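What follows is the content of input01.csv, which has CSV, C-alpha atoms:
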chain,number,residue,atom,x,y,z
A,1,MET,CA,-5.8,-1.7,-17.1
A,2,TYR,CA,-4.9,-2.7,-13.5
A,3,TYR,CA,-2.1,-0.9,-11.7
A,4,ALA,CA,-0.5,-1.4,-8.4
A,5,ILE,CA,0.2,1.8,-6.4
A,6,LEU,CA,2.9,0.7,-3.9
A,7,ALA,CA,3.1,3.0,-0.8
A,8,TYR,CA,6.6,3.4,0.7
A,9,HIS,CA,7.5,5.4,3.8
A,10,GLU,CA,10.1,5.4,6.5
A,11,GLU,CA,8.7,3.0,9.0
A,12,GLY,CA,10.3,4.8,11.9
A,13,VAL,CA,8.5,8.0,10.9
A,14,VAL,CA,5.1,6.3,10.6
A,15,GLU,CA,5.6,4.5,14.0
A,16,SER,CA,6.4,7.9,15.6
A,17,TRP,CA,3.0,9.3,14.8
A,18,THR,CA,0.6,9.6,17.7
A,19,GLU,CA,-2.7,7.7,17.5
A,20,GLU,CA,-4.4,10.9,16.7
A,21,GLU,CA,-2.0,11.8,13.9
A,22,ASP,CA,-2.3,8.3,12.4
A,23,ALA,CA,-6.1,8.4,12.7
A,24,ALA,CA,-6.3,11.8,11.0
A,25,LEU,CA,-4.1,10.6,8.1
A,26,MET,CA,-6.2,7.4,7.7
A,27,THR,CA,-9.4,9.5,7.7
A,28,GLU,CA,-8.0,11.6,4.8
A,29,LEU,CA,-6.7,8.6,2.9
A,30,LEU,CA,-10.1,6.8,3.3
A,31,GLN,CA,-11.7,9.9,1.7
A,32,VAL,CA,-9.5,9.3,-1.4
A,33,ASN,CA,-10.3,5.5,-1.2
A,34,ASP,CA,-14.1,6.3,-1.0
A,35,ARG,CA,-13.9,8.5,-4.1
A,36,LEU,CA,-12.0,5.8,-6.0
A,37,VAL,CA,-14.5,3.2,-5.0
A,38,GLN,CA,-17.4,5.5,-6.2
A,39,GLU,CA,-15.5,5.8,-9.5
A,40,LYS,CA,-15.2,2.0,-9.6
A,41,SER,CA,-11.4,2.3,-9.9
A,42,LEU,CA,-10.3,0.8,-6.6
A,43,GLY,CA,-9.7,-2.8,-6.0
A,44,PRO,CA,-8.0,-4.4,-3.0
A,45,ALA,CA,-5.9,-2.1,-0.7
A,46,ALA,CA,-3.9,-3.0,2.3
A,47,ARG,CA,-1.9,-1.4,5.0
A,48,LEU,CA,1.0,-3.8,5.8
A,49,GLY,CA,2.2,-4.7,9.3
A,50,PRO,CA,5.7,-3.8,10.5
A,51,THR,CA,8.7,-5.2,8.7
A,52,GLU,CA,10.1,-6.4,12.0
A,53,ARG,CA,7.3,-9.0,12.0
A,54,ALA,CA,7.9,-10.0,8.4
A,55,VAL,CA,9.8,-12.9,7.0
A,56,THR,CA,11.4,-13.6,3.6
A,57,LEU,CA,11.4,-17.0,1.8
A,58,ARG,CA,14.1,-17.5,-0.7
A,59,GLY,CA,16.6,-20.1,-2.0
A,60,LYS,CA,16.4,-23.4,-3.8
A,61,GLY,CA,14.0,-26.2,-3.1
A,62,ALA,CA,11.6,-25.5,-0.2
A,63,GLY,CA,13.7,-22.3,0.5
A,64,ILE,CA,14.9,-20.8,3.7
A,65,VAL,CA,12.9,-18.4,5.9
A,66,THR,CA,14.8,-15.5,7.2
A,67,ASP,CA,13.7,-12.5,9.3
A,68,GLY,CA,12.2,-9.6,7.6
A,69,PRO,CA,13.0,-7.8,4.3
A,70,PHE,CA,16.5,-6.5,4.3
A,71,ALA,CA,16.4,-4.1,1.4
A,72,GLU,CA,19.1,-1.5,1.4
A,73,THR,CA,16.6,1.4,1.3
A,74,LYS,CA,15.4,4.2,3.5
A,75,GLU,CA,11.8,3.6,2.8
A,76,GLN,CA,9.9,0.3,3.4
A,77,LEU,CA,6.8,-1.0,1.5
A,78,LEU,CA,4.0,-0.2,4.0
A,79,GLY,CA,0.9,-0.7,1.8
A,80,PHE,CA,-0.6,-1.0,-1.6
A,81,TYR,CA,-3.6,-0.3,-3.7
A,82,VAL,CA,-4.9,-2.1,-6.8
A,83,VAL,CA,-6.6,0.4,-9.2
A,84,ASP,CA,-8.2,0.1,-12.6
A,85,PHE,CA,-7.6,3.0,-15.0
A,86,PRO,CA,-7.4,3.3,-18.8
A,87,THR,CA,-4.0,4.9,-18.7
A,88,LEU,CA,-0.8,5.2,-16.6
A,89,GLU,CA,-1.4,8.9,-16.3
A,90,ALA,CA,-4.8,8.3,-14.6
A,91,ALA,CA,-3.2,5.9,-12.2
A,92,VAL,CA,-0.5,8.5,-11.5
A,93,ALA,CA,-3.2,11.1,-10.8
A,94,ALA,CA,-4.7,8.8,-8.2
A,95,ALA,CA,-1.3,8.4,-6.6
A,96,ARG,CA,-1.0,12.2,-6.5
A,97,ASP,CA,-4.3,12.4,-4.6
A,98,LEU,CA,-2.9,9.9,-2.1
A,99,ARG,CA,0.4,11.9,-1.9
A,100,ARG,CA,-1.5,15.2,-1.3
A,101,VAL,CA,-2.8,13.6,1.9
A,102,ASN,CA,0.5,11.9,2.8
A,103,PRO,CA,3.2,14.1,1.3
A,104,THR,CA,6.1,12.3,3.0
A,105,ALA,CA,5.2,9.0,1.4
A,106,VAL,CA,6.7,7.7,-1.9
A,107,TYR,CA,4.3,6.0,-4.4
A,108,GLU,CA,5.5,3.6,-7.1
A,109,ILE,CA,2.9,3.0,-9.8
A,110,ARG,CA,3.4,-0.3,-11.7
A,111,PRO,CA,1.2,-2.1,-14.3
A,112,ILE,CA,-0.2,-5.4,-13.2
A,113,SER,CA,0.4,-8.1,-15.8
A,114,LEU,CA,-1.7,-10.8,-14.0
A,115,TYR,CA,-4.6,-10.1,-11.6
A,116,LEU,CA,-6.3,-13.0,-9.8
A,117,PRO,CA,-8.8,-11.6,-7.3
A,118,GLY,CA,-9.2,-14.9,-5.4
A,119,ALA,CA,-11.8,-15.4,-2.7
A,120,PRO,CA,-12.8,-12.8,-0.1
A,121,LEU,CA,-10.7,-13.2,3.0
A,122,VAL,CA,-12.3,-13.5,6.5
A,123,SER,CA,-9.9,-13.0,9.3
A,124,ARG,CA,-9.5,-16.0,11.6
A,125,ASP,CA,-10.3,-13.7,14.4
A,126,GLU,CA,-13.7,-13.0,12.8
A,127,LYS,CA,-14.7,-16.6,12.5
C-alpha coordinates encoding of this file:
Amino acid sequence: MYYAILAYHEEGVVESWTEEEDAALMTELLQVNDRLVQEKSLGPAARLGPTERAVTLRGKGAGIVTDGPFAETKEQLLGFYVVDFPTLEAAVAAARDLRRVNPTAVYEIRPISLYLPGAPLVSRDEK
(Lines of atoms letter the chains of each structure in order from A and count residues from 1; the text may use other names and numbers.)
(Lines give C-alpha, C1' and ligand atoms only; values in the text may rest on other atoms or scores of the structure.)
Protein backbone atom coordinates (compact mmCIF):
# COMPACT_ATOMS: atom_id res chain seq x y z
CA MET A 1 0.00 0.00 0.00
CA TYR A 2 1.15 3.51 -0.71
CA TYR A 3 1.60 5.97 2.15
CA ALA A 4 2.45 9.65 2.21
CA ILE A 5 4.99 10.69 4.80
CA LEU A 6 4.41 14.42 5.23
CA ALA A 7 7.34 16.30 6.75
CA TYR A 8 6.47 19.31 8.93
CA HIS A 9 8.91 21.69 10.56
CA GLU A 10 9.04 25.24 11.81
CA GLU A 11 10.04 27.10 8.68
CA GLY A 12 11.98 29.75 10.62
CA VAL A 13 14.11 27.07 12.25
CA VAL A 14 14.93 25.45 8.89
CA GLU A 15 15.74 28.84 7.36
CA SER A 16 18.09 29.62 10.27
CA TRP A 17 20.38 26.68 9.45
CA THR A 18 23.69 27.51 7.82
CA GLU A 19 24.38 26.09 4.35
CA GLU A 20 26.70 23.57 6.01
CA GLU A 21 24.08 22.47 8.56
CA ASP A 22 21.45 22.12 5.83
CA ALA A 23 23.83 20.19 3.56
CA ALA A 24 24.78 17.83 6.41
CA LEU A 25 21.13 17.13 7.17
CA MET A 26 20.32 16.56 3.49
CA THR A 27 23.26 14.15 3.19
CA GLU A 28 21.88 12.09 6.08
CA LEU A 29 18.31 12.22 4.74
CA LEU A 30 19.55 11.09 1.33
CA GLN A 31 21.16 8.06 2.98
CA VAL A 32 17.69 7.06 4.23
CA ASN A 33 16.27 7.82 0.77
CA ASP A 34 18.92 5.66 -0.91
CA ARG A 35 18.15 2.74 1.40
CA LEU A 36 14.41 3.05 0.70
CA VAL A 37 15.13 3.16 -3.06
CA GLN A 38 17.26 0.00 -2.78
CA GLU A 39 14.36 -1.66 -0.92
CA LYS A 40 12.06 -0.49 -3.76
CA SER A 41 9.87 1.28 -1.18
CA LEU A 42 10.40 4.94 -2.14
CA GLY A 43 8.42 6.76 -4.79
CA PRO A 44 8.41 10.51 -5.40
CA ALA A 45 9.81 12.78 -2.72
CA ALA A 46 10.06 16.55 -2.68
CA ARG A 47 11.38 19.35 -0.53
CA LEU A 48 8.92 22.20 -0.85
CA GLY A 49 9.83 25.84 -1.28
CA PRO A 50 9.06 28.50 1.33
CA THR A 51 5.44 29.15 2.27
CA GLU A 52 5.98 32.87 1.63
CA ARG A 53 6.18 32.02 -2.09
CA ALA A 54 3.10 29.77 -2.00
CA VAL A 55 -0.45 30.65 -2.94
CA THR A 56 -3.77 29.05 -2.07
CA LEU A 57 -6.68 28.59 -4.48
CA ARG A 58 -10.10 28.32 -2.88
CA GLY A 59 -13.70 29.36 -3.29
CA LYS A 60 -16.49 28.80 -5.77
CA GLY A 61 -16.21 28.76 -9.53
CA ALA A 62 -12.71 29.56 -10.77
CA GLY A 63 -11.74 30.34 -7.18
CA ILE A 64 -9.68 33.11 -5.70
CA VAL A 65 -5.90 32.97 -5.34
CA THR A 66 -4.59 34.28 -2.02
CA ASP A 67 -1.08 34.53 -0.64
CA GLY A 68 0.37 31.49 1.05
CA PRO A 69 -1.10 28.87 3.31
CA PHE A 70 -2.39 30.45 6.50
CA ALA A 71 -2.90 27.46 8.74
CA GLU A 72 -2.94 28.25 12.43
CA THR A 73 -0.08 25.93 13.21
CA LYS A 74 3.49 26.21 14.41
CA GLU A 75 4.86 23.79 11.81
CA GLN A 76 4.55 24.08 8.05
CA LEU A 77 4.47 21.30 5.47
CA LEU A 78 7.99 21.43 4.02
CA GLY A 79 8.22 18.17 2.12
CA PHE A 80 6.79 14.75 1.45
CA TYR A 81 7.70 11.19 0.54
CA VAL A 82 5.56 8.58 -1.18
CA VAL A 83 6.42 5.12 0.07
CA ASP A 84 5.15 1.62 -0.61
CA PHE A 85 4.94 -0.73 2.38
CA PRO A 86 2.69 -3.66 3.21
CA THR A 87 1.64 -2.15 6.57
CA LEU A 88 1.23 1.17 8.32
CA GLU A 89 3.77 -0.02 10.89
CA ALA A 90 6.42 -0.39 8.17
CA ALA A 91 5.68 3.14 6.90
CA VAL A 92 5.98 4.43 10.48
CA ALA A 93 9.35 2.68 10.77
CA ALA A 94 10.56 4.54 7.66
CA ALA A 95 9.33 7.83 9.13
CA ARG A 96 11.22 7.00 12.34
CA ASP A 97 14.41 6.59 10.27
CA LEU A 98 13.84 10.07 8.82
CA ARG A 99 13.14 11.46 12.29
CA ARG A 100 16.35 9.98 13.69
CA VAL A 101 18.19 12.15 11.17
CA ASN A 102 15.96 15.21 11.70
CA PRO A 103 14.62 14.88 15.26
CA THR A 104 12.99 18.32 15.37
CA ALA A 105 10.72 17.53 12.41
CA VAL A 106 7.20 16.15 12.71
CA TYR A 107 6.14 13.37 10.35
CA GLU A 108 2.53 12.57 9.49
CA ILE A 109 1.95 9.19 7.88
CA ARG A 110 -1.23 8.92 5.83
CA PRO A 111 -2.52 6.15 3.53
CA ILE A 112 -2.86 7.19 -0.10
CA SER A 113 -6.23 6.22 -1.53
CA LEU A 114 -5.38 7.14 -5.14
CA TYR A 115 -1.92 7.31 -6.69
CA LEU A 116 -1.38 8.55 -10.25
CA PRO A 117 2.35 8.67 -11.02
CA GLY A 118 1.93 10.93 -14.06
CA ALA A 119 4.78 11.66 -16.43
CA PRO A 120 8.34 12.42 -15.34
CA LEU A 121 8.88 16.14 -14.84
CA VAL A 122 11.66 18.04 -16.52
CA SER A 123 12.29 21.48 -15.11
CA ARG A 124 11.76 24.31 -17.57
CA ASP A 125 15.26 25.42 -16.57
CA GLU A 126 16.65 22.07 -17.83
CA LYS A 127 15.02 22.32 -21.28
Pick from A:Thr56, A:Gln76, A:Thr51, A:Ser123, whichever lies nearest to A:Glu10 using all atoms listed in the file | A:Gln76
Please measure the separation of atom CA of A:Ala45 and atom CA of A:Arg58, giving the value in Å to one decimal.
-> 25.2 Å
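The residue that comes closest to A:Leu42, out of A:Glu28, A:Gly59, A:Val83, A:Tyr3 and on the basis of all atoms listed in the file, is A:Val83.
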Do you know which residues are at most 12 Å from A:Ser113 counting all atoms listed in the file, after dropping those on the same chain fewer than 6 positions away, and could you put them as a ChimeraX atom specification?
-> /A:1-4
Near-A:Ala7 list (6 Å; all atoms listed in the file; drop same-chain fewer than 2 positions) as an MDAnalysis selection string = chainID A and resid 77:80 107
For each of A:Tyr81, A:Pro120, A:Thr104, A:Ala46, take the minimum atom-to-atom distance to A:Ile5, counting all atoms listed in the file, then give the residue where this is smallest.
->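 Looking at the shortest contact to A:Ile5, the residue is A:Tyr81.
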Pick from A:Arg110, A:Pro86, A:Asn102, A:Ala93 nearest to A:Leu30, counting all atoms listed in the file |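 Comparing A:Arg110, A:Pro86, A:Asn102, A:Ala93 against A:Leu30, the winner is A:Asn102.
The coordinates place atom CA of A:Gln38 at 15.4 Å from atom CA of A:Ala90.
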Rank nothing, just name the residue among A:Gly12, A:Pro44, A:Gly68, A:Gly61 nearest to A:Ala119, using only C-alpha atoms.
-> A:Pro44
Distance atom CA of A:Met26-atom CA of A:Glu11, one decimal place?
-> 15.6 Å
Closest to A:Glu89 among A:Pro50, A:Gly63, A:Pro111, A:Pro117, using only C-alpha atoms?
->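 With only C-alpha atoms as the atom set, the closest residue is A:Pro111.
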Assuming the input is short of atoms at stretch 55-85 of chain A, produce N, CA and C atoms for that part as a PDB file, in the frame of the given file.
ATOM      1  N   VAL A  55       8.801 -11.963   7.340  1.00  0.00           N
ATOM      2  CA  VAL A  55       9.800 -12.900   7.000  1.00  0.00           C
ATOM      3  C   VAL A  55       9.980 -12.964   5.490  1.00  0.00           C
ATOM      4  N   THR A  56      11.125 -13.452   5.046  1.00  0.00           N
ATOM      5  CA  THR A  56      11.400 -13.600   3.600  1.00  0.00           C
ATOM      6  C   THR A  56      11.702 -15.051   3.336  1.00  0.00           C
ATOM      7  N   LEU A  57      11.115 -15.595   2.284  1.00  0.00           N
ATOM      8  CA  LEU A  57      11.400 -17.000   1.800  1.00  0.00           C
ATOM      9  C   LEU A  57      12.160 -16.867   0.546  1.00  0.00           C
ATOM     10  N   ARG A  58      13.338 -17.486   0.539  1.00  0.00           N
ATOM     11  CA  ARG A  58      14.100 -17.500  -0.700  1.00  0.00           C
ATOM     12  C   ARG A  58      15.050 -18.701  -0.710  1.00  0.00           C
ATOM     13  N   GLY A  59      15.641 -18.947  -1.858  1.00  0.00           N
ATOM     14  CA  GLY A  59      16.600 -20.100  -2.000  1.00  0.00           C
ATOM     15  C   GLY A  59      15.978 -21.196  -2.794  1.00  0.00           C
ATOM     16  N   LYS A  60      16.775 -22.217  -2.963  1.00  0.00           N
ATOM     17  CA  LYS A  60      16.400 -23.400  -3.800  1.00  0.00           C
ATOM     18  C   LYS A  60      15.481 -24.316  -2.996  1.00  0.00           C
ATOM     19  N   GLY A  61      14.798 -25.179  -3.725  1.00  0.00           N
ATOM     20  CA  GLY A  61      14.000 -26.200  -3.100  1.00  0.00           C
ATOM     21  C   GLY A  61      12.842 -25.561  -2.291  1.00  0.00           C
ATOM     22  N   ALA A  62      12.677 -26.030  -1.061  1.00  0.00           N
ATOM     23  CA  ALA A  62      11.600 -25.500  -0.200  1.00  0.00           C
ATOM     24  C   ALA A  62      11.988 -24.087   0.290  1.00  0.00           C
ATOM     25  N   GLY A  63      13.230 -23.673   0.115  1.00  0.00           N
ATOM     26  CA  GLY A  63      13.700 -22.300   0.500  1.00  0.00           C
ATOM     27  C   GLY A  63      13.980 -22.243   1.983  1.00  0.00           C
ATOM     28  N   ILE A  64      14.540 -21.117   2.329  1.00  0.00           N
ATOM     29  CA  ILE A  64      14.900 -20.800   3.700  1.00  0.00           C
ATOM     30  C   ILE A  64      14.148 -19.566   4.127  1.00  0.00           C
ATOM     31  N   VAL A  65      13.564 -19.603   5.317  1.00  0.00           N
ATOM     32  CA  VAL A  65      12.900 -18.400   5.900  1.00  0.00           C
ATOM     33  C   VAL A  65      13.831 -17.651   6.717  1.00  0.00           C
ATOM     34  N   THR A  66      13.954 -16.356   6.399  1.00  0.00           N
ATOM     35  CA  THR A  66      14.800 -15.500   7.200  1.00  0.00           C
ATOM     36  C   THR A  66      13.958 -14.332   7.745  1.00  0.00           C
ATOM     37  N   ASP A  67      14.454 -13.677   8.761  1.00  0.00           N
ATOM     38  CA  ASP A  67      13.700 -12.500   9.300  1.00  0.00           C
ATOM     39  C   ASP A  67      13.655 -11.421   8.319  1.00  0.00           C
ATOM     40  N   GLY A  68      12.505 -10.792   8.295  1.00  0.00           N
ATOM     41  CA  GLY A  68      12.200  -9.600   7.600  1.00  0.00           C
ATOM     42  C   GLY A  68      12.802  -9.328   6.228  1.00  0.00           C
ATOM     43  N   PRO A  69      12.330  -8.292   5.577  1.00  0.00           N
ATOM     44  CA  PRO A  69      13.000  -7.800   4.300  1.00  0.00           C
ATOM     45  C   PRO A  69      14.178  -7.000   4.707  1.00  0.00           C
ATOM     46  N   PHE A  70      15.267  -7.227   4.037  1.00  0.00           N
ATOM     47  CA  PHE A  70      16.500  -6.500   4.300  1.00  0.00           C
ATOM     48  C   PHE A  70      16.959  -5.699   3.126  1.00  0.00           C
ATOM     49  N   ALA A  71      16.076  -4.966   2.513  1.00  0.00           N
ATOM     50  CA  ALA A  71      16.400  -4.100   1.400  1.00  0.00           C
ATOM     51  C   ALA A  71      17.287  -2.965   1.869  1.00  0.00           C
ATOM     52  N   GLU A  72      18.266  -2.606   1.096  1.00  0.00           N
ATOM     53  CA  GLU A  72      19.100  -1.500   1.400  1.00  0.00           C
ATOM     54  C   GLU A  72      18.422  -0.187   0.943  1.00  0.00           C
ATOM     55  N   THR A  73      17.401   0.198   1.652  1.00  0.00           N
ATOM     56  CA  THR A  73      16.600   1.400   1.300  1.00  0.00           C
ATOM     57  C   THR A  73      16.146   2.096   2.500  1.00  0.00           C
ATOM     58  N   LYS A  74      15.920   3.386   2.349  1.00  0.00           N
ATOM     59  CA  LYS A  74      15.400   4.200   3.500  1.00  0.00           C
ATOM     60  C   LYS A  74      13.965   3.961   3.729  1.00  0.00           C
ATOM     61  N   GLU A  75      13.195   3.756   2.646  1.00  0.00           N
ATOM     62  CA  GLU A  75      11.800   3.600   2.800  1.00  0.00           C
ATOM     63  C   GLU A  75      11.423   2.068   2.732  1.00  0.00           C
ATOM     64  N   GLN A  76      10.342   1.696   3.396  1.00  0.00           N
ATOM     65  CA  GLN A  76       9.900   0.300   3.400  1.00  0.00           C
ATOM     66  C   GLN A  76       8.473   0.320   2.716  1.00  0.00           C
ATOM     67  N   LEU A  77       8.139  -0.806   2.089  1.00  0.00           N
ATOM     68  CA  LEU A  77       6.800  -1.000   1.500  1.00  0.00           C
ATOM     69  C   LEU A  77       5.824  -1.151   2.659  1.00  0.00           C
ATOM     70  N   LEU A  78       4.911  -0.198   2.832  1.00  0.00           N
ATOM     71  CA  LEU A  78       4.000  -0.200   4.000  1.00  0.00           C
ATOM     72  C   LEU A  78       2.536  -0.455   3.544  1.00  0.00           C
ATOM     73  N   GLY A  79       2.262  -0.463   2.251  1.00  0.00           N
ATOM     74  CA  GLY A  79       0.900  -0.700   1.800  1.00  0.00           C
ATOM     75  C   GLY A  79       0.796  -0.674   0.308  1.00  0.00           C
ATOM     76  N   PHE A  80      -0.381  -1.049  -0.188  1.00  0.00           N
ATOM     77  CA  PHE A  80      -0.600  -1.000  -1.600  1.00  0.00           C
ATOM     78  C   PHE A  80      -2.058  -0.865  -1.962  1.00  0.00           C
ATOM     79  N   TYR A  81      -2.293  -0.416  -3.172  1.00  0.00           N
ATOM     80  CA  TYR A  81      -3.600  -0.300  -3.700  1.00  0.00           C
ATOM     81  C   TYR A  81      -3.616  -0.934  -5.091  1.00  0.00           C
ATOM     82  N   VAL A  82      -4.704  -1.576  -5.460  1.00  0.00           N
ATOM     83  CA  VAL A  82      -4.900  -2.100  -6.800  1.00  0.00           C
ATOM     84  C   VAL A  82      -5.968  -1.187  -7.430  1.00  0.00           C
ATOM     85  N   VAL A  83      -5.628  -0.549  -8.545  1.00  0.00           N
ATOM     86  CA  VAL A  83      -6.600   0.400  -9.200  1.00  0.00           C
ATOM     87  C   VAL A  83      -6.763  -0.043 -10.638  1.00  0.00           C
ATOM     88  N   ASP A  84      -7.865   0.407 -11.201  1.00  0.00           N
ATOM     89  CA  ASP A  84      -8.200   0.100 -12.600  1.00  0.00           C
ATOM     90  C   ASP A  84      -8.415   1.442 -13.303  1.00  0.00           C
ATOM     91  N   PHE A  85      -7.505   1.794 -14.203  1.00  0.00           N
ATOM     92  CA  PHE A  85      -7.600   3.000 -15.000  1.00  0.00           C
ATOM     93  C   PHE A  85      -7.222   2.743 -16.419  1.00  0.00           C
TER      94      PHE A  85
END
